[in-house]
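Colleague: Structure below; questions to follow.
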Amino acid sequence: MRTRSRSRLLVPLAICVLLVLGGGVWAAAALGGRSGCPASPVLVTASPDVAPAISQVAQGLSPGCRKYEVQPRDTAQAAAEVSAPDARPQVWVPGSTTALLGARQRGATAVPESGPSVAGSPVVLAVQEGVARNLGWPGRTLTWSDVLGAPDVVLGLPDPARDPVGTAALLGVRDAVGAAPDPSGAFAAALRKFSVDAPGATAYPAAETFVVRHNADTPTAPLVAVYSPAAPALDYPFARLSGATQEQNDAVDALQRAMLGTAGTAAVERSGLRAPGQALAGHQGDPHVVAAVQQSAPLPSPAGLRTVLSQWAGVNLNARAEVLLDVSGSMQARVPGTRLSRMQVTVGAAEQAMHLFRPATQLRVWEFATQLDGAKDYREVLPMAPVSEHLTNGDLERLSAVRAIPNAGTGLYDTLLDVYGIARSGWQPGVLNVVIIMTDGHNEDMQGISRDTLLAGLARLADPAHPIPVIAIGIGADADETELSAITAVTGGAAYVTRDPTKIGEVFYAALAKIATS
């Protein structure tokens with residue numbers, strides 16, 4: 001009798017141990033060991049936002065042999081685990097479908113492209129209440145443009161390369177500045193205001209559920225959620241990974257049905273999340289959030305995701321750059337539909353480029369045309385110096401004064417080879433070393449070196465261990481894309497030609513972003 005009583009006590013004790021074991025969130029339905037029971041539990045890796053809800057649902061499933069282990073993991077940690085050949089989970093519920101796409105791009109073939117959404121949470125700007133009041137809240141509904149344009153706001157950002165909230169925020173920011181005369185430049189300037197995980201940030205992108213939990217835990221220092229329909233919401237896809245046993249698949253089926261049913265909806269709403277496509281339950285009178293159903297942009301395509309991440313990387317690079325501006329006579333030509341010359345448009349793009357680099361970037365500007373400086377085809381306009389110095393000591397005025405030289409030809413070959421040699425001698429580790437050339441034509445210096453000599457010289461100077469890519473930006477109908485592509489390929493760079501000179505700023509921005517992430 002004593003032994004039997006002890007056995008009855010051990011059963012609930014064993015279940016309790018399973019529920020708290022190892023720092024993960026455990027849910028078990030009865031004990032293993034019966035006939036037909038799976039040999040191992042179903043492993044569910046989930047975003048920390050939704051893991052408690054999944055655990056609650058798993059605990060409530062009908063008793064039997066099914067067992068579930070629910071482990072909270074952030075996106076970066078989970079992505080590494082789902083790529084491992086062993087001990088891979090059977091289910092992954094990340095914050096966003098973008099995490100699935102990213103994992104597949106990195107070779108995680110067991111991960112599907114999508115899964116049914118079990119919860120939702122808009123991506124918002126979480127703004128300290130005092131800051132929000134200074135911007136007019138609660139008397140008016142704030143927008144992302146309001147927050148981004150406020151002079152005293154300190155903006156933080158989760159790393160977009162690791163966190164889907166950061167990725168969604170980039171899309172929201174891009175939309176907020178989309179009406180600017182130069183959207184690319186405005187986007188770059190807006191991103192410059194953000195610092196990854198900035199200490200002391202007074203506004204930062206976050207999931208709405210974070211604001212809900214923060215305000216419940218810290219009612220004396222609440223946050224205000226500012227919404228954007230252009231920022232894709234977190235959708236928490238229920239992704240089934242390949243490689244599960246039949247018994248595990250049966251258990252996964254049961255968990256998926258429960259999460260998509262009334263039990264899952266109730267657990268999700270208790271966790272401060274929204275049921276997919278629904279209002280935020282229990283917060284109808286809360287001025288710090290908007291409980292009504294929120295519109296949000298669709299998730300970006302894989303190509304769109306790569307584009308916005310490349311733009312972020314391009315804006316956040318440190319570089320050592322040599323910038324060459326063509327000042328030959330043809331740059332005087334008027335840009336159709338404007339009152340500006342090619343030279344003015346090009347100089348304007350170079351000025352904007354100052355704001356695309358980080359302040360510590362070292363940058364020098366040259367101008368080139370045939371026999372510009374005695375026998376040389378080039379001369380220095382701005383010395384090599386940090387961008388922060390160029391922006392504060394009057395160098396922009398010197399740059400604005402650059403003019404095209406009537407009747408001068410394009411001294412492309414001599415200039416590029418000499419300046420590339422200068423860049424090679426000044427190469428620095430840990431930064432993007434790059435030569436950028438803007439031209440509207442092809443080489444016209446008949447007294448200089450040949451194209452073959454240029455290519456041979458660049459090949460001799462190029463060093464894959466110490467790369468210096470050449471970015472060539474061709475402007476207008478006379479730019480020779482074939483020649484520029486052949487020249488830049490030797491250095492690992494690329495050529496970009498725009499027939500519309502007014503688009504040079506966008507082309508320049510995209511070129512930097514691509515080089516930075518290649």
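Convention: chains lettered A, B, ... in structure tokens order; per-chain residue numbering from 1; ligands numbered from 1 as shown.
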When you look at segment 126-133 of chain A with a cut-off of 8 Å (counting only C-alpha atoms), what residues show up, excluding the ones that are within fewer than 6 positions of it in the same chain? I need them as a list in words.
Modeller: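 That gives Leu142, Val153, Thr202, Ala203, Tyr204, Pro205, Ala206, Val211, Ala221, Pro222, Leu223, Val224, Ala225 and Val226 of chain A.
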Colleague: Could you name the residues that touch segment 493-499 of chain A at 10 Å or less, counting only C-alpha atoms, but leaving out those on the same chain fewer than 4 positions away, as a compact mmCIF listing (two decimals) with N, CA and C atoms, in the first residue's frame?
Modeller:
# COMPACT_ATOMS: atom_id res chain seq x y z
N VAL A 434 36.67 52.51 -51.90
CA VAL A 434 35.93 52.54 -53.16
C VAL A 434 36.34 53.76 -53.98
N VAL A 435 36.30 53.61 -55.30
CA VAL A 435 36.48 54.72 -56.24
C VAL A 435 35.17 54.88 -56.99
N ILE A 436 34.64 56.09 -56.99
CA ILE A 436 33.35 56.38 -57.63
C ILE A 436 33.60 57.39 -58.74
N ILE A 437 33.16 57.07 -59.95
CA ILE A 437 33.37 57.96 -61.08
C ILE A 437 32.03 58.27 -61.72
N MET A 438 31.77 59.55 -61.97
CA MET A 438 30.54 60.00 -62.61
C MET A 438 30.90 60.66 -63.93
N THR A 439 30.37 60.16 -65.04
CA THR A 439 30.73 60.66 -66.35
C THR A 439 29.56 60.54 -67.30
N ASP A 440 29.53 61.41 -68.31
CA ASP A 440 28.45 61.36 -69.30
C ASP A 440 28.93 60.82 -70.65
N PRO A 467 40.28 44.76 -51.38
CA PRO A 467 39.50 45.21 -52.54
C PRO A 467 39.25 46.71 -52.56
N ILE A 468 39.25 47.24 -53.78
CA ILE A 468 38.84 48.63 -54.02
C ILE A 468 37.95 48.60 -55.27
N PRO A 469 36.67 48.35 -55.13
CA PRO A 469 35.80 48.34 -56.30
C PRO A 469 35.66 49.73 -56.90
N VAL A 470 35.51 49.78 -58.21
CA VAL A 470 35.20 51.02 -58.90
C VAL A 470 33.71 51.01 -59.23
N ILE A 471 33.01 52.05 -58.80
CA ILE A 471 31.62 52.25 -59.17
C ILE A 471 31.59 53.34 -60.23
N ALA A 472 31.10 52.99 -61.42
CA ALA A 472 30.99 53.97 -62.50
C ALA A 472 29.51 54.29 -62.70
N ILE A 473 29.19 55.57 -62.69
CA ILE A 473 27.81 56.00 -62.90
C ILE A 473 27.78 56.81 -64.19
N GLY A 474 27.16 56.23 -65.21
CA GLY A 474 27.05 56.90 -66.49
C GLY A 474 25.80 57.76 -66.54
N ILE A 475 25.94 58.95 -67.09
CA ILE A 475 24.87 59.94 -67.05
C ILE A 475 24.46 60.31 -68.46
N GLY A 476 23.21 60.09 -68.81
CA GLY A 476 22.69 60.55 -70.08
C GLY A 476 22.90 59.57 -71.22
N ALA A 477 22.43 59.99 -72.39
CA ALA A 477 22.39 59.10 -73.55
C ALA A 477 23.77 58.77 -74.11
N ASP A 478 24.79 59.58 -73.84
CA ASP A 478 26.11 59.35 -74.43
C ASP A 478 27.00 58.45 -73.59
N ALA A 479 26.56 58.09 -72.40
CA ALA A 479 27.38 57.23 -71.54
C ALA A 479 27.54 55.85 -72.17
N ASP A 480 28.76 55.34 -72.16
CA ASP A 480 29.07 54.06 -72.79
C ASP A 480 29.02 52.96 -71.73
N GLU A 481 27.88 52.30 -71.62
CA GLU A 481 27.70 51.30 -70.57
C GLU A 481 28.62 50.10 -70.77
N THR A 482 28.83 49.70 -72.02
CA THR A 482 29.70 48.54 -72.28
C THR A 482 31.12 48.81 -71.81
N GLU A 483 31.64 50.00 -72.14
CA GLU A 483 33.00 50.34 -71.73
C GLU A 483 33.11 50.45 -70.20
N LEU A 484 32.14 51.12 -69.58
CA LEU A 484 32.19 51.29 -68.13
C LEU A 484 32.10 49.95 -67.41
N SER A 485 31.28 49.04 -67.94
CA SER A 485 31.16 47.72 -67.32
C SER A 485 32.46 46.94 -67.41
N ALA A 486 33.12 47.03 -68.56
CA ALA A 486 34.39 46.32 -68.73
C ALA A 486 35.45 46.87 -67.79
N ILE A 487 35.48 48.18 -67.59
CA ILE A 487 36.47 48.80 -66.72
C ILE A 487 36.24 48.43 -65.27
N THR A 488 34.99 48.51 -64.84
CA THR A 488 34.71 48.27 -63.41
C THR A 488 34.83 46.80 -63.05
N ALA A 489 34.56 45.91 -64.00
CA ALA A 489 34.60 44.47 -63.70
C ALA A 489 35.98 44.03 -63.24
N LYS A 503 17.74 61.14 -62.24
CA LYS A 503 17.68 59.95 -61.38
C LYS A 503 19.05 59.58 -60.82
N ILE A 504 20.04 60.42 -61.05
CA ILE A 504 21.40 60.05 -60.65
C ILE A 504 21.52 59.82 -59.14
N GLU A 506 19.27 58.56 -57.09
CA GLU A 506 18.77 57.23 -56.77
C GLU A 506 19.76 56.16 -57.22
N VAL A 507 20.34 56.35 -58.41
CA VAL A 507 21.31 55.36 -58.92
C VAL A 507 22.54 55.31 -58.02
N PHE A 508 23.02 56.47 -57.61
CA PHE A 508 24.20 56.54 -56.76
C PHE A 508 23.94 55.82 -55.44
N ALA A 510 21.67 53.43 -54.79
CA ALA A 510 21.54 51.99 -55.00
C ALA A 510 22.89 51.34 -55.26
N ALA A 511 23.77 52.03 -55.98
CA ALA A 511 25.09 51.48 -56.26
C ALA A 511 25.89 51.29 -54.98
N LYS A 514 24.53 48.30 -53.01
CA LYS A 514 24.87 46.99 -53.56
C LYS A 514 26.33 46.65 -53.31
N ILE A 515 27.22 47.60 -53.50
CA ILE A 515 28.64 47.34 -53.25
C ILE A 515 28.87 47.01 -51.79
N SER A 518 27.83 43.31 -51.15
CA SER A 518 28.27 42.26 -52.07
C SER A 518 29.44 41.48 -51.50
Colleague: Need to verify the contact set: segment 71-86 of chain A, 10 Å, only C-alpha atoms, exclusion of same-chain residues closer than 5 positions in sequence. Can you return it as an mmCIF file with all heavy atoms, in the first residue's frame?
Modeller:
data_model
loop_
_atom_site.group_PDB
_atom_site.id
_atom_site.type_symbol
_atom_site.label_atom_id
_atom_site.label_comp_id
_atom_site.auth_asym_id
_atom_site.auth_seq_id
_atom_site.Cartn_x
_atom_site.Cartn_y
_atom_site.Cartn_z
ATOM 1 N N GLY A 22 14.612 23.182 -17.601
ATOM 2 C CA GLY A 22 15.628 23.689 -18.525
ATOM 3 C C GLY A 22 15.438 25.091 -19.042
ATOM 4 O O GLY A 22 16.090 25.479 -19.993
ATOM 5 N N GLY A 23 14.576 25.900 -18.464
ATOM 6 C CA GLY A 23 14.467 27.271 -18.936
ATOM 7 C C GLY A 23 13.561 27.410 -20.136
ATOM 8 O O GLY A 23 13.119 28.499 -20.472
ATOM 9 N N GLY A 24 13.255 26.291 -20.837
ATOM 10 C CA GLY A 24 12.286 26.359 -21.911
ATOM 11 C C GLY A 24 10.896 26.299 -21.316
ATOM 12 O O GLY A 24 10.698 26.110 -20.133
ATOM 13 N N VAL A 25 9.893 26.445 -22.167
ATOM 14 C CA VAL A 25 8.517 26.329 -21.718
ATOM 15 C C VAL A 25 8.056 24.937 -22.106
ATOM 16 O O VAL A 25 7.996 24.613 -23.285
ATOM 17 C CB VAL A 25 7.630 27.404 -22.382
ATOM 18 C CG1 VAL A 25 6.204 27.264 -21.907
ATOM 19 C CG2 VAL A 25 8.166 28.786 -22.078
ATOM 20 N N TRP A 26 7.695 24.109 -21.122
ATOM 21 C CA TRP A 26 7.361 22.718 -21.383
ATOM 22 C C TRP A 26 5.865 22.510 -21.242
ATOM 23 O O TRP A 26 5.230 23.056 -20.354
ATOM 24 C CB TRP A 26 8.067 21.785 -20.397
ATOM 25 C CG TRP A 26 9.496 21.530 -20.722
ATOM 26 C CD1 TRP A 26 10.559 22.325 -20.467
ATOM 27 C CD2 TRP A 26 10.016 20.388 -21.379
ATOM 28 N NE1 TRP A 26 11.701 21.763 -20.916
ATOM 29 C CE2 TRP A 26 11.415 20.563 -21.469
ATOM 30 C CE3 TRP A 26 9.449 19.221 -21.904
ATOM 31 C CZ2 TRP A 26 12.251 19.631 -22.058
ATOM 32 C CZ3 TRP A 26 10.279 18.278 -22.477
ATOM 33 C CH2 TRP A 26 11.661 18.489 -22.559
ATOM 34 N N LEU A 43 9.104 19.273 -30.711
ATOM 35 C CA LEU A 43 9.848 20.476 -30.331
ATOM 36 C C LEU A 43 9.311 21.658 -31.124
ATOM 37 O O LEU A 43 9.288 21.642 -32.353
ATOM 38 C CB LEU A 43 11.338 20.278 -30.610
ATOM 39 C CG LEU A 43 12.266 21.435 -30.243
ATOM 40 C CD1 LEU A 43 12.170 21.781 -28.762
ATOM 41 C CD2 LEU A 43 13.712 21.082 -30.613
ATOM 42 N N VAL A 44 8.852 22.682 -30.406
ATOM 43 C CA VAL A 44 8.319 23.892 -31.017
ATOM 44 C C VAL A 44 9.223 25.059 -30.623
ATOM 45 O O VAL A 44 9.363 25.376 -29.440
ATOM 46 C CB VAL A 44 6.876 24.179 -30.551
ATOM 47 C CG1 VAL A 44 6.341 25.451 -31.221
ATOM 48 C CG2 VAL A 44 5.969 22.992 -30.846
ATOM 49 N N THR A 45 9.852 25.687 -31.630
ATOM 50 C CA THR A 45 10.650 26.891 -31.404
ATOM 51 C C THR A 45 9.794 28.088 -31.779
ATOM 52 O O THR A 45 9.270 28.153 -32.896
ATOM 53 C CB THR A 45 11.925 26.855 -32.257
ATOM 54 O OG1 THR A 45 12.769 25.795 -31.797
ATOM 55 C CG2 THR A 45 12.678 28.165 -32.147
ATOM 56 N N ALA A 46 9.627 29.026 -30.848
ATOM 57 C CA ALA A 46 8.677 30.113 -31.077
ATOM 58 C C ALA A 46 9.234 31.445 -30.613
ATOM 59 O O ALA A 46 10.049 31.510 -29.684
ATOM 60 C CB ALA A 46 7.357 29.829 -30.355
ATOM 61 N N SER A 47 8.764 32.508 -31.258
ATOM 62 C CA SER A 47 9.091 33.847 -30.813
ATOM 63 C C SER A 47 8.678 34.009 -29.354
ATOM 64 O O SER A 47 7.619 33.527 -28.947
ATOM 65 C CB SER A 47 8.348 34.876 -31.679
ATOM 66 O OG SER A 47 8.347 36.148 -31.068
ATOM 67 N N PRO A 48 9.488 34.687 -28.547
ATOM 68 C CA PRO A 48 9.114 34.884 -27.137
ATOM 69 C C PRO A 48 7.760 35.560 -26.960
ATOM 70 O O PRO A 48 7.120 35.374 -25.929
ATOM 71 C CB PRO A 48 10.252 35.767 -26.599
ATOM 72 C CG PRO A 48 11.428 35.448 -27.473
ATOM 73 C CD PRO A 48 10.845 35.207 -28.829
ATOM 74 N N ASP A 49 7.306 36.333 -27.952
ATOM 75 C CA ASP A 49 5.996 36.979 -27.851
ATOM 76 C C ASP A 49 4.867 35.961 -27.774
ATOM 77 O O ASP A 49 3.895 36.146 -27.030
ATOM 78 C CB ASP A 49 5.736 37.874 -29.070
ATOM 79 C CG ASP A 49 6.694 39.040 -29.166
ATOM 80 O OD1 ASP A 49 7.355 39.349 -28.160
ATOM 81 O OD2 ASP A 49 6.795 39.633 -30.258
ATOM 82 N N VAL A 50 4.969 34.906 -28.578
ATOM 83 C CA VAL A 50 3.852 33.979 -28.736
ATOM 84 C C VAL A 50 4.083 32.648 -28.030
ATOM 85 O O VAL A 50 3.153 31.851 -27.884
ATOM 86 C CB VAL A 50 3.577 33.757 -30.245
ATOM 87 C CG1 VAL A 50 4.616 32.828 -30.866
ATOM 88 C CG2 VAL A 50 2.167 33.258 -30.492
ATOM 89 N N ALA A 51 5.301 32.394 -27.556
ATOM 90 C CA ALA A 51 5.596 31.114 -26.907
ATOM 91 C C ALA A 51 4.676 30.825 -25.720
ATOM 92 O O ALA A 51 4.207 29.680 -25.568
ATOM 93 C CB ALA A 51 7.065 31.071 -26.489
ATOM 94 N N PRO A 52 4.376 31.793 -24.829
ATOM 95 C CA PRO A 52 3.475 31.473 -23.713
ATOM 96 C C PRO A 52 2.093 31.023 -24.175
ATOM 97 O O PRO A 52 1.496 30.119 -23.581
ATOM 98 C CB PRO A 52 3.411 32.790 -22.931
ATOM 99 C CG PRO A 52 4.673 33.501 -23.270
ATOM 100 C CD PRO A 52 4.928 33.156 -24.705
ATOM 101 N N ILE A 54 1.327 29.493 -27.028
ATOM 102 C CA ILE A 54 1.444 28.138 -27.572
ATOM 103 C C ILE A 54 1.570 27.131 -26.436
ATOM 104 O O ILE A 54 0.968 26.041 -26.477
ATOM 105 C CB ILE A 54 2.650 28.055 -28.529
ATOM 106 C CG1 ILE A 54 2.447 28.987 -29.731
ATOM 107 C CG2 ILE A 54 2.867 26.625 -29.000
ATOM 108 C CD1 ILE A 54 3.649 29.077 -30.646
ATOM 109 N N SER A 55 2.334 27.474 -25.415
ATOM 110 C CA SER A 55 2.491 26.575 -24.271
ATOM 111 C C SER A 55 1.151 26.320 -23.588
ATOM 112 O O SER A 55 0.826 25.184 -23.229
ATOM 113 C CB SER A 55 3.492 27.169 -23.275
ATOM 114 O OG SER A 55 3.672 26.311 -22.183
ATOM 115 N N VAL A 91 8.422 22.333 -35.404
ATOM 116 C CA VAL A 91 7.612 23.512 -35.691
ATOM 117 C C VAL A 91 8.420 24.757 -35.337
ATOM 118 O O VAL A 91 9.104 24.795 -34.314
ATOM 119 C CB VAL A 91 6.299 23.506 -34.879
ATOM 120 C CG1 VAL A 91 5.494 24.788 -35.146
ATOM 121 C CG2 VAL A 91 5.467 22.280 -35.204
ATOM 122 N N TRP A 92 8.303 25.771 -36.205
ATOM 123 C CA TRP A 92 8.918 27.070 -35.908
ATOM 124 C C TRP A 92 7.845 28.132 -36.080
ATOM 125 O O TRP A 92 7.207 28.219 -37.140
ATOM 126 C CB TRP A 92 10.081 27.326 -36.855
ATOM 127 C CG TRP A 92 10.821 28.625 -36.593
ATOM 128 C CD1 TRP A 92 10.827 29.364 -35.445
ATOM 129 C CD2 TRP A 92 11.656 29.337 -37.524
ATOM 130 N NE1 TRP A 92 11.624 30.479 -35.569
ATOM 131 C CE2 TRP A 92 12.136 30.490 -36.846
ATOM 132 C CE3 TRP A 92 12.045 29.107 -38.830
ATOM 133 C CZ2 TRP A 92 12.984 31.399 -37.460
ATOM 134 C CZ3 TRP A 92 12.883 30.025 -39.446
ATOM 135 C CH2 TRP A 92 13.355 31.151 -38.761
ATOM 136 N N VAL A 93 7.636 28.935 -35.039
ATOM 137 C CA VAL A 93 6.691 30.049 -35.099
ATOM 138 C C VAL A 93 7.473 31.336 -34.838
ATOM 139 O O VAL A 93 7.542 31.818 -33.702
ATOM 140 C CB VAL A 93 5.547 29.887 -34.081
ATOM 141 C CG1 VAL A 93 4.492 30.981 -34.295
ATOM 142 C CG2 VAL A 93 4.904 28.511 -34.195
ATOM 143 N N PRO A 94 8.100 31.892 -35.876
ATOM 144 C CA PRO A 94 8.838 33.150 -35.697
ATOM 145 C C PRO A 94 7.867 34.324 -35.647
ATOM 146 O O PRO A 94 6.654 34.171 -35.853
ATOM 147 C CB PRO A 94 9.722 33.212 -36.943
ATOM 148 C CG PRO A 94 8.903 32.527 -37.995
ATOM 149 C CD PRO A 94 8.154 31.431 -37.275
ATOM 150 N N GLY A 95 8.382 35.512 -35.410
ATOM 151 C CA GLY A 95 7.532 36.686 -35.396
ATOM 152 C C GLY A 95 6.964 37.022 -36.755
ATOM 153 O O GLY A 95 5.866 37.557 -36.856
ATOM 154 N N SER A 96 7.697 36.692 -37.813
ATOM 155 C CA SER A 96 7.285 37.118 -39.151
ATOM 156 C C SER A 96 7.673 36.086 -40.202
ATOM 157 O O SER A 96 8.683 35.376 -40.062
ATOM 158 C CB SER A 96 7.938 38.460 -39.497
ATOM 159 O OG SER A 96 7.723 38.809 -40.853
ATOM 160 N N ALA A 99 11.216 35.919 -41.567
ATOM 161 C CA ALA A 99 12.244 35.062 -40.968
ATOM 162 C C ALA A 99 12.341 33.736 -41.716
ATOM 163 O O ALA A 99 13.442 33.185 -41.894
ATOM 164 C CB ALA A 99 11.937 34.818 -39.491
ATOM 165 N N LEU A 100 11.205 33.212 -42.165
ATOM 166 C CA LEU A 100 11.227 31.980 -42.954
ATOM 167 C C LEU A 100 11.950 32.199 -44.281
ATOM 168 O O LEU A 100 12.767 31.375 -44.697
ATOM 169 C CB LEU A 100 9.794 31.496 -43.217
ATOM 170 C CG LEU A 100 8.877 31.277 -42.014
ATOM 171 C CD1 LEU A 100 7.504 30.803 -42.498
ATOM 172 C CD2 LEU A 100 9.482 30.270 -41.049
ATOM 173 N N GLY A 102 14.176 34.461 -44.973
ATOM 174 C CA GLY A 102 15.601 34.649 -44.725
ATOM 175 C C GLY A 102 16.314 33.341 -44.466
ATOM 176 O O GLY A 102 17.426 33.115 -44.942
ATOM 177 N N ALA A 103 15.679 32.447 -43.710
ATOM 178 C CA ALA A 103 16.296 31.151 -43.418
ATOM 179 C C ALA A 103 16.454 30.331 -44.692
ATOM 180 O O ALA A 103 17.480 29.669 -44.898
ATOM 181 C CB ALA A 103 15.465 30.398 -42.382
ATOM 182 N N ARG A 104 15.458 30.362 -45.551
ATOM 183 C CA ARG A 104 15.555 29.619 -46.804
ATOM 184 C C ARG A 104 16.661 30.184 -47.696
ATOM 185 O O ARG A 104 17.391 29.430 -48.353
ATOM 186 C CB ARG A 104 14.219 29.650 -47.533
ATOM 187 C CG ARG A 104 13.157 28.764 -46.892
ATOM 188 C CD ARG A 104 11.869 28.786 -47.700
ATOM 189 N NE ARG A 104 12.064 28.262 -49.043
ATOM 190 C CZ ARG A 104 12.041 26.969 -49.365
ATOM 191 N NH1 ARG A 104 11.842 26.058 -48.411
ATOM 192 N NH2 ARG A 104 12.210 26.570 -50.599
ATOM 193 N N ARG A 106 19.330 31.377 -46.716
ATOM 194 C CA ARG A 106 20.612 30.943 -46.142
ATOM 195 C C ARG A 106 20.786 29.437 -46.222
ATOM 196 O O ARG A 106 21.716 28.895 -45.625
ATOM 197 C CB ARG A 106 20.715 31.427 -44.700
ATOM 198 C CG ARG A 106 20.882 32.935 -44.569
ATOM 199 C CD ARG A 106 21.156 33.356 -43.140
ATOM 200 N NE ARG A 106 20.001 33.128 -42.275
ATOM 201 C CZ ARG A 106 19.027 34.017 -42.090
ATOM 202 N NH1 ARG A 106 19.062 35.182 -42.712
ATOM 203 N NH2 ARG A 106 18.021 33.740 -41.282
ATOM 204 N N GLY A 107 19.892 28.744 -46.931
ATOM 205 C CA GLY A 107 20.079 27.315 -47.179
ATOM 206 C C GLY A 107 19.329 26.386 -46.270
ATOM 207 O O GLY A 107 19.572 25.169 -46.304
ATOM 208 N N ALA A 108 18.395 26.872 -45.447
ATOM 209 C CA ALA A 108 17.622 26.003 -44.543
ATOM 210 C C ALA A 108 16.469 25.394 -45.332
ATOM 211 O O ALA A 108 15.335 25.894 -45.324
ATOM 212 C CB ALA A 108 17.122 26.785 -43.342
ATOM 213 N N THR A 109 16.734 24.305 -46.031
ATOM 214 C CA THR A 109 15.751 23.724 -46.941
ATOM 215 C C THR A 109 14.591 23.067 -46.212
ATOM 216 O O THR A 109 13.531 22.835 -46.817
ATOM 217 C CB THR A 109 16.429 22.678 -47.837
ATOM 218 O OG1 THR A 109 17.076 21.682 -47.011
ATOM 219 C CG2 THR A 109 17.480 23.330 -48.728
ATOM 220 N N ALA A 110 14.740 22.761 -44.928
ATOM 221 C CA ALA A 110 13.643 22.154 -44.173
ATOM 222 C C ALA A 110 12.566 23.158 -43.818
ATOM 223 O O ALA A 110 11.469 22.781 -43.387
ATOM 224 C CB ALA A 110 14.183 21.515 -42.894
ATOM 225 N N VAL A 111 12.856 24.442 -43.995
ATOM 226 C CA VAL A 111 11.925 25.503 -43.602
ATOM 227 C C VAL A 111 11.007 25.838 -44.772
ATOM 228 O O VAL A 111 11.487 26.086 -45.880
ATOM 229 C CB VAL A 111 12.701 26.761 -43.158
ATOM 230 C CG1 VAL A 111 11.737 27.900 -42.826
ATOM 231 C CG2 VAL A 111 13.577 26.443 -41.962
ATOM 232 N N ALA A 161 18.808 43.320 -39.809
ATOM 233 C CA ALA A 161 19.345 42.068 -40.337
ATOM 234 C C ALA A 161 19.025 40.879 -39.434
ATOM 235 O O ALA A 161 19.170 39.730 -39.865
ATOM 236 C CB ALA A 161 20.856 42.181 -40.522
ATOM 237 N N ARG A 162 18.597 41.131 -38.196
ATOM 238 C CA ARG A 162 18.358 40.060 -37.242
ATOM 239 C C ARG A 162 16.941 40.044 -36.683
ATOM 240 O O ARG A 162 16.526 39.024 -36.130
ATOM 241 C CB ARG A 162 19.338 40.188 -36.065
ATOM 242 C CG ARG A 162 20.789 40.085 -36.435
ATOM 243 C CD ARG A 162 21.693 40.449 -35.271
ATOM 244 N NE ARG A 162 21.448 39.633 -34.101
ATOM 245 C CZ ARG A 162 22.039 38.457 -33.859
ATOM 246 N NH1 ARG A 162 22.908 37.977 -34.732
ATOM 247 N NH2 ARG A 162 21.765 37.765 -32.765
ATOM 248 N N ASP A 163 16.222 41.133 -36.800
ATOM 249 C CA ASP A 163 14.944 41.260 -36.126
ATOM 250 C C ASP A 163 13.879 41.706 -37.129
ATOM 251 O O ASP A 163 14.030 42.754 -37.766
ATOM 252 C CB ASP A 163 15.059 42.292 -34.995
ATOM 253 C CG ASP A 163 13.865 42.286 -34.055
ATOM 254 O OD1 ASP A 163 12.732 42.140 -34.542
ATOM 255 O OD2 ASP A 163 14.060 42.438 -32.839
ATOM 256 N N PRO A 164 12.779 40.955 -37.285
ATOM 257 C CA PRO A 164 11.748 41.348 -38.264
ATOM 258 C C PRO A 164 11.082 42.673 -37.925
ATOM 259 O O PRO A 164 10.548 43.328 -38.816
ATOM 260 C CB PRO A 164 10.749 40.181 -38.221
ATOM 261 C CG PRO A 164 11.002 39.476 -36.928
ATOM 262 C CD PRO A 164 12.464 39.664 -36.644
ATOM 263 N N LEU A 241 8.354 22.093 -40.136
ATOM 264 C CA LEU A 241 9.622 21.744 -40.766
ATOM 265 C C LEU A 241 9.595 20.290 -41.184
ATOM 266 O O LEU A 241 8.935 19.441 -40.548
ATOM 267 C CB LEU A 241 10.782 22.005 -39.814
ATOM 268 C CG LEU A 241 11.301 23.454 -39.761
ATOM 269 C CD1 LEU A 241 10.237 24.403 -39.236
ATOM 270 C CD2 LEU A 241 12.551 23.554 -38.914
ATOM 271 N N GLY A 243 11.025 16.450 -41.878
ATOM 272 C CA GLY A 243 11.846 15.517 -41.121
ATOM 273 C C GLY A 243 11.184 14.925 -39.888
ATOM 274 O O GLY A 243 11.805 14.143 -39.171
#
Colleague: Which residues are close to Lys376 of chain A, i.e. within 10 Å by only C-alpha atoms, leaving aside same-chain residues fewer than 3 positions away? Reply as a compact mmCIF listing (two decimals) with C-alpha atoms, in the first residue's frame.
Modeller:
# COMPACT_ATOMS: atom_id res chain seq x y z
CA PHE A 368 38.64 65.53 -64.51
CA ALA A 369 38.80 66.59 -68.17
CA THR A 370 41.54 66.62 -70.79
CA GLN A 371 44.64 68.61 -69.75
CA LEU A 372 42.84 70.06 -66.76
CA ASP A 373 45.98 70.67 -64.68
CA ARG A 379 42.86 67.86 -60.00
CA GLY A 411 40.14 62.29 -69.84
CA ASP A 414 44.57 58.44 -67.37
CA THR A 415 42.49 59.82 -64.51
CA ASP A 418 46.19 57.35 -61.49
CA GLY A 448 46.72 59.39 -73.06
Colleague: So what do you get for atom CA of Glu351 of chain A versus atom CA of Leu391 of chain A, distance-wise?
Modeller: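 The value is 9.4 Å.
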Colleague: Nearest to Val123 of chain A: which of A:Gly282, A:Gly178, A:Gly409, A:Pro229 is it, counting only C-alpha atoms?
Modeller: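 Answer, going by the shortest atom-to-atom distance: A:Pro229.
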Colleague: Counting only C-alpha atoms, which residue out of A:Arg320, A:Arg424, A:Arg342, A:Arg306 sits closest to Arg403 of chain A?
Modeller: A:Arg342
Colleague: What separation in Å, quoted to one decimal, exists between atom CA of Val252 of chain A and atom CA of Tyr236 of chain A?
Modeller: 16.0 Å
Colleague: Give me every alpha helix (DSSP H) residue in segment 423-506 of chain A, going by DSSP on the backbone, as a PyMOL selection string.
Modeller: chain A and resi 423-425+451-461+481-489+504-506
